[in-house]
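First comes the structure, then the notes that go with it.
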Amino acid sequence: GTWDLFRYPGVRSDSDMFTFGYEHRPWPSAKPIAPAAEIRDYLGRTIDEGGFSDHIRYGQHVVRAEWSSPEARWVLECENGARYKCWFLFACTGYYNYDRGYEPEFPGTESFVANGGCIVHPQRWPEGLDYTGKRVAIIGSGATAITLLPAMAEQAAHVTLVQRSPSYIVPAPNSDPVAAAAIKEGKSPEEVHRSVREQKAKDLQNIETYGALMTAE
């Protein structure tokens with residue numbers, strides 16, 4: 001999935017792992033925003049320790065899903081001819097095309113490349129791409145750009161972010177204080193997870209209350 005497909009510099013979660021992780025196997029760190037490698041390791045351990053490997057079919061490209069009323073089952077057809085049936089079907093495909101990311105047409109692209117420029121889509125980041133000392137422009141200011149820019153800025157000569165609408169960004173330490181305190185006290189992963197989720201629910205309630213007061217004023 002996402003954490004194996006995307007290999008661009010700085011790729012990480014854009015949601016905190018206490019929300020993003022599994023309740024039956026809580027995120028084992030006080031670090032809420034994690035790099036892709038740690039998330040892949042977390043997923044792999046969850047699969048192995050949970051005994052889910054025998055229930056997963058890797059490398060299957062589903063091309064058709066059809067509901068069969070006589071069988072009361074979903075019937076899935078794969079590109080390689082394999083067929084599967086199930087009671088429940090969760091697509092979980094996200095909003096992007098795994099085969100090819102969206103690439104709008106920019107006037108001057110051909111001449112830019114012909115004169116030594118390089119255009120790269122984050123979804124197909126070339127292994128070993130060297131941008132050391134290069135002048136880089138990143139188009140867009142979504143979650144990908146927010147993680148990509150600081151990582152590239154460490155080696156590039158200059159990085160320019162081209163955006164339509166600026167995002168609001170607040171610098172903060174990548175450590176959840178509630179989780180860090182609970183881990184230091186020796187609490188179990190389940191207890192840590194519960195404490196963090198309860199605090200986040202309170203924080204959200206406070207934000208909603210404050211927003212309502214601001215609107216009323």
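In the structure tokens, chains take letters A, B, ... by order of appearance, with residues numbered from 1 within each chain and ligands from 1 in the order shown.
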
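When DSSP reads the backbone of this structure, the residues of region 61-202 of chain A it assigns to strand (DSSP E) are Val62, Val63, Arg64, Ala65, Glu66, Trp67, Ser68, Arg73, Trp74, Val75, Leu76, Glu77, Cys78, Arg83, Tyr84, Lys85, Cys86, Arg135, Val136, Ala137, Ile138, Ile139, His158, Val159, Thr160, Leu161 and Val162 of chain A.
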
May I have the selected residues written with C-alpha atoms, as a PDB file, in the first residue's frame?
ATOM      1  CA  VAL A  62      -8.540  -6.691  -8.657  1.00  0.00           C
ATOM      2  CA  VAL A  63     -10.153  -5.551 -11.918  1.00  0.00           C
ATOM      3  CA  ARG A  64     -13.795  -6.334 -11.179  1.00  0.00           C
ATOM      4  CA  ALA A  65     -16.051  -6.660  -8.140  1.00  0.00           C
ATOM      5  CA  GLU A  66     -19.622  -7.869  -8.602  1.00  0.00           C
ATOM      6  CA  TRP A  67     -22.353  -8.673  -6.092  1.00  0.00           C
ATOM      7  CA  SER A  68     -24.016 -12.075  -6.547  1.00  0.00           C
ATOM      8  CA  ARG A  73     -21.396 -12.861  -1.878  1.00  0.00           C
ATOM      9  CA  TRP A  74     -19.066 -10.413  -3.540  1.00  0.00           C
ATOM     10  CA  VAL A  75     -17.214 -12.007  -6.461  1.00  0.00           C
ATOM     11  CA  LEU A  76     -13.793 -10.530  -7.196  1.00  0.00           C
ATOM     12  CA  GLU A  77     -11.913 -11.045 -10.445  1.00  0.00           C
ATOM     13  CA  CYS A  78      -8.171 -10.419 -10.639  1.00  0.00           C
ATOM     14  CA  ARG A  83     -11.370 -15.259  -8.393  1.00  0.00           C
ATOM     15  CA  TYR A  84     -12.333 -14.719  -4.762  1.00  0.00           C
ATOM     16  CA  LYS A  85     -15.629 -14.530  -2.910  1.00  0.00           C
ATOM     17  CA  CYS A  86     -16.445 -12.691   0.285  1.00  0.00           C
ATOM     18  CA  ARG A 135      17.447  24.349  -7.503  1.00  0.00           C
ATOM     19  CA  VAL A 136      14.124  22.606  -6.855  1.00  0.00           C
ATOM     20  CA  ALA A 137      10.493  23.668  -7.269  1.00  0.00           C
ATOM     21  CA  ILE A 138       7.712  21.707  -5.572  1.00  0.00           C
ATOM     22  CA  ILE A 139       4.224  22.213  -6.984  1.00  0.00           C
ATOM     23  CA  HIS A 158      17.297  26.081  -2.945  1.00  0.00           C
ATOM     24  CA  VAL A 159      13.707  24.827  -2.718  1.00  0.00           C
ATOM     25  CA  THR A 160      10.708  26.878  -3.872  1.00  0.00           C
ATOM     26  CA  LEU A 161       7.164  25.838  -3.023  1.00  0.00           C
ATOM     27  CA  VAL A 162       4.621  26.776  -5.699  1.00  0.00           C
TER      28      VAL A 162
END

Among the residues of chain A, find those DSSP assigns to alpha helix (DSSP H) from the backbone and print them as JSON, numbers by chain.
-> {"A": [2, 3, 4, 5, 17, 18, 19, 20, 36, 37, 38, 39, 40, 41, 42, 43, 44, 45, 46, 47, 48, 49, 50, 109, 110, 111, 112, 113, 114, 143, 144, 145, 146, 147, 148, 149, 150, 151, 152, 153, 177, 178, 179, 180, 181, 182, 183, 184, 189, 190, 191, 192, 193, 194, 195, 196, 197, 198, 199, 200, 201, 202, 203, 204, 205, 206, 207, 208, 209, 210, 211, 212, 213, 214, 215, 216]}

Work out how far apart CA of Gly51 (chain A) and CA of Pro28 (chain A) are and give it in Å to one decimal.
->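 Going from CA of Gly51 (chain A) over to CA of Pro28 (chain A) covers 18.8 Å.
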
If we count only C-alpha atoms, what is near region 185-191 of chain A at a cut-off of 7 Å, once residues fewer than 3 positions away on the same chain are taken out, given as a VMD selection string?
-> chain A and resid 26 28 181 to 182 194 to 195

Closest of A:Val196, A:Ser167, A:Gly101, A:Glu79 to Ala143 (chain A) - atom-to-atom distances counting only C-alpha atoms = A:Ser167

If you measure from CA of Gln123 (chain A) to CA of Arg100 (chain A), what distance in Å do you get, rounded to one decimal?
-> 7.6 Å

Considering only C-alpha atoms, return as number ranges by chain whatever protein or nucleic-acid residues lie within 8 Å of region 32-37 of chain A, sequence-local ones (same chain, fewer than 2 positions apart) excluded.
-> A: 3-4, 10-18, 29-30, 39-41, 174-176

Write the residues you've just listed into a file as a short mmCIF file (atom, residue, chain, number, x, y, z; two decimals), in the first residue's frame, and include all heavy atoms for each of them.
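Contents of the output file out.cif:
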data_model
loop_
_atom_site.label_atom_id
_atom_site.label_comp_id
_atom_site.auth_asym_id
_atom_site.auth_seq_id
_atom_site.Cartn_x
_atom_site.Cartn_y
_atom_site.Cartn_z
N TRP A 3 2.61 2.84 2.17
CA TRP A 3 3.91 2.90 2.84
C TRP A 3 4.98 2.08 2.13
O TRP A 3 6.15 2.13 2.50
CB TRP A 3 3.75 2.46 4.29
CG TRP A 3 2.65 3.23 4.92
CD1 TRP A 3 1.46 2.76 5.38
CD2 TRP A 3 2.60 4.66 5.09
NE1 TRP A 3 0.68 3.80 5.83
CE2 TRP A 3 1.35 4.97 5.67
CE3 TRP A 3 3.50 5.70 4.83
CZ2 TRP A 3 0.97 6.27 5.98
CZ3 TRP A 3 3.11 6.99 5.13
CH2 TRP A 3 1.87 7.26 5.70
N ASP A 4 4.59 1.35 1.10
CA ASP A 4 5.57 0.63 0.29
C ASP A 4 5.70 1.28 -1.09
O ASP A 4 6.77 1.30 -1.67
CB ASP A 4 5.15 -0.84 0.13
CG ASP A 4 6.20 -1.64 -0.62
OD1 ASP A 4 7.32 -1.77 -0.10
OD2 ASP A 4 5.91 -2.10 -1.73
N GLY A 10 11.60 11.88 2.94
CA GLY A 10 10.79 12.40 4.04
C GLY A 10 9.42 11.78 4.19
O GLY A 10 8.64 12.21 5.04
N VAL A 11 9.07 10.78 3.36
CA VAL A 11 7.71 10.22 3.41
C VAL A 11 7.39 9.72 4.82
O VAL A 11 8.17 9.00 5.44
CB VAL A 11 7.53 9.08 2.37
CG1 VAL A 11 8.53 7.96 2.57
CG2 VAL A 11 6.10 8.55 2.41
N ARG A 12 6.26 10.16 5.33
CA ARG A 12 5.85 9.83 6.69
C ARG A 12 4.34 9.92 6.80
O ARG A 12 3.65 10.31 5.85
CB ARG A 12 6.50 10.80 7.69
CG ARG A 12 6.15 12.27 7.42
CD ARG A 12 6.53 13.14 8.59
NE ARG A 12 6.31 14.56 8.36
CZ ARG A 12 5.14 15.17 8.39
NH1 ARG A 12 4.04 14.47 8.58
NH2 ARG A 12 5.04 16.47 8.19
N SER A 13 3.81 9.60 7.96
CA SER A 13 2.37 9.70 8.17
C SER A 13 1.95 11.15 8.24
O SER A 13 2.72 12.03 8.63
CB SER A 13 1.98 9.00 9.48
OG SER A 13 2.61 9.62 10.59
N ASP A 14 0.73 11.44 7.81
CA ASP A 14 0.21 12.79 7.95
C ASP A 14 -0.88 12.84 9.02
O ASP A 14 -1.56 13.86 9.19
CB ASP A 14 -0.32 13.33 6.62
CG ASP A 14 -1.41 12.43 6.03
OD1 ASP A 14 -1.75 11.43 6.67
OD2 ASP A 14 -1.90 12.74 4.93
N SER A 15 -1.06 11.73 9.73
CA SER A 15 -1.97 11.66 10.88
C SER A 15 -1.20 11.02 12.03
O SER A 15 -0.25 10.26 11.81
CB SER A 15 -3.20 10.81 10.55
OG SER A 15 -3.93 11.37 9.48
N ASP A 16 -1.60 11.33 13.26
CA ASP A 16 -0.87 10.74 14.37
C ASP A 16 -1.14 9.24 14.44
O ASP A 16 -2.25 8.77 14.17
CB ASP A 16 -1.27 11.43 15.69
CG ASP A 16 -2.62 10.97 16.20
OD1 ASP A 16 -3.64 11.56 15.76
OD2 ASP A 16 -2.67 10.04 17.01
N MET A 17 -0.12 8.49 14.80
CA MET A 17 -0.19 7.04 14.77
C MET A 17 -1.09 6.45 15.86
O MET A 17 -1.48 5.28 15.77
CB MET A 17 1.22 6.45 14.86
CG MET A 17 2.08 6.72 13.63
SD MET A 17 1.34 6.12 12.09
CE MET A 17 1.26 4.36 12.41
N PHE A 18 -1.42 7.21 16.86
CA PHE A 18 -2.34 6.71 17.89
C PHE A 18 -3.76 6.66 17.34
O PHE A 18 -4.58 5.86 17.77
CB PHE A 18 -2.28 7.59 19.14
CG PHE A 18 -0.93 7.63 19.78
CD1 PHE A 18 -0.09 8.71 19.60
CD2 PHE A 18 -0.47 6.54 20.52
CE1 PHE A 18 1.18 8.73 20.17
CE2 PHE A 18 0.79 6.55 21.09
CZ PHE A 18 1.61 7.65 20.91
N SER A 29 5.18 3.62 20.30
CA SER A 29 6.13 4.70 20.50
C SER A 29 5.42 5.97 20.94
O SER A 29 4.21 6.12 20.74
CB SER A 29 6.89 4.96 19.18
OG SER A 29 7.62 6.16 19.23
N ALA A 30 6.17 6.88 21.54
CA ALA A 30 5.60 8.18 21.93
C ALA A 30 5.64 9.14 20.75
O ALA A 30 5.12 10.26 20.83
CB ALA A 30 6.39 8.77 23.10
N ILE A 39 6.48 2.61 9.83
CA ILE A 39 5.10 2.17 9.65
C ILE A 39 5.07 0.82 8.95
O ILE A 39 4.27 -0.06 9.31
CB ILE A 39 4.30 3.22 8.84
CG1 ILE A 39 4.25 4.54 9.60
CG2 ILE A 39 2.89 2.71 8.55
CD1 ILE A 39 3.58 5.67 8.86
N ARG A 40 5.94 0.62 7.95
CA ARG A 40 6.03 -0.68 7.28
C ARG A 40 6.42 -1.77 8.27
O ARG A 40 5.87 -2.88 8.24
CB ARG A 40 7.04 -0.63 6.13
CG ARG A 40 6.57 0.09 4.89
CD ARG A 40 7.38 -0.29 3.66
NE ARG A 40 8.80 -0.07 3.84
CZ ARG A 40 9.42 1.07 3.59
NH1 ARG A 40 8.74 2.11 3.16
NH2 ARG A 40 10.73 1.18 3.75
N ASP A 41 7.36 -1.46 9.14
CA ASP A 41 7.78 -2.43 10.16
C ASP A 41 6.63 -2.74 11.12
O ASP A 41 6.41 -3.90 11.47
CB ASP A 41 8.98 -1.87 10.93
CG ASP A 41 9.47 -2.84 12.00
OD1 ASP A 41 10.01 -3.90 11.63
OD2 ASP A 41 9.30 -2.55 13.20
N ASN A 174 7.95 16.26 17.90
CA ASN A 174 7.34 14.99 17.47
C ASN A 174 7.37 13.98 18.61
O ASN A 174 7.98 12.91 18.51
CB ASN A 174 8.07 14.45 16.24
CG ASN A 174 7.31 13.28 15.61
OD1 ASN A 174 6.11 13.12 15.80
ND2 ASN A 174 8.03 12.46 14.87
N SER A 175 6.71 14.33 19.69
CA SER A 175 6.60 13.44 20.84
C SER A 175 5.32 13.79 21.58
O SER A 175 5.11 14.95 21.93
CB SER A 175 7.80 13.59 21.77
OG SER A 175 7.66 12.76 22.92
N ASP A 176 4.46 12.81 21.77
CA ASP A 176 3.21 13.05 22.49
C ASP A 176 3.50 13.04 23.99
O ASP A 176 3.96 12.02 24.52
CB ASP A 176 2.19 11.96 22.13
CG ASP A 176 0.82 12.27 22.68
OD1 ASP A 176 0.66 12.17 23.92
OD2 ASP A 176 -0.08 12.61 21.91
#

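Atom pair CA of Glu105 (chain A) / CA of Gly133 (chain A) has a distance of 26.7 Å (rounded to one decimal).
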
From the list A:Gln199, A:Ser53, A:Thr144, A:Gln205, which residue is nearest Pro9 (chain A) when using only C-alpha atoms?
->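 The answer is A:Thr144, which sits nearest to Pro9 (chain A).
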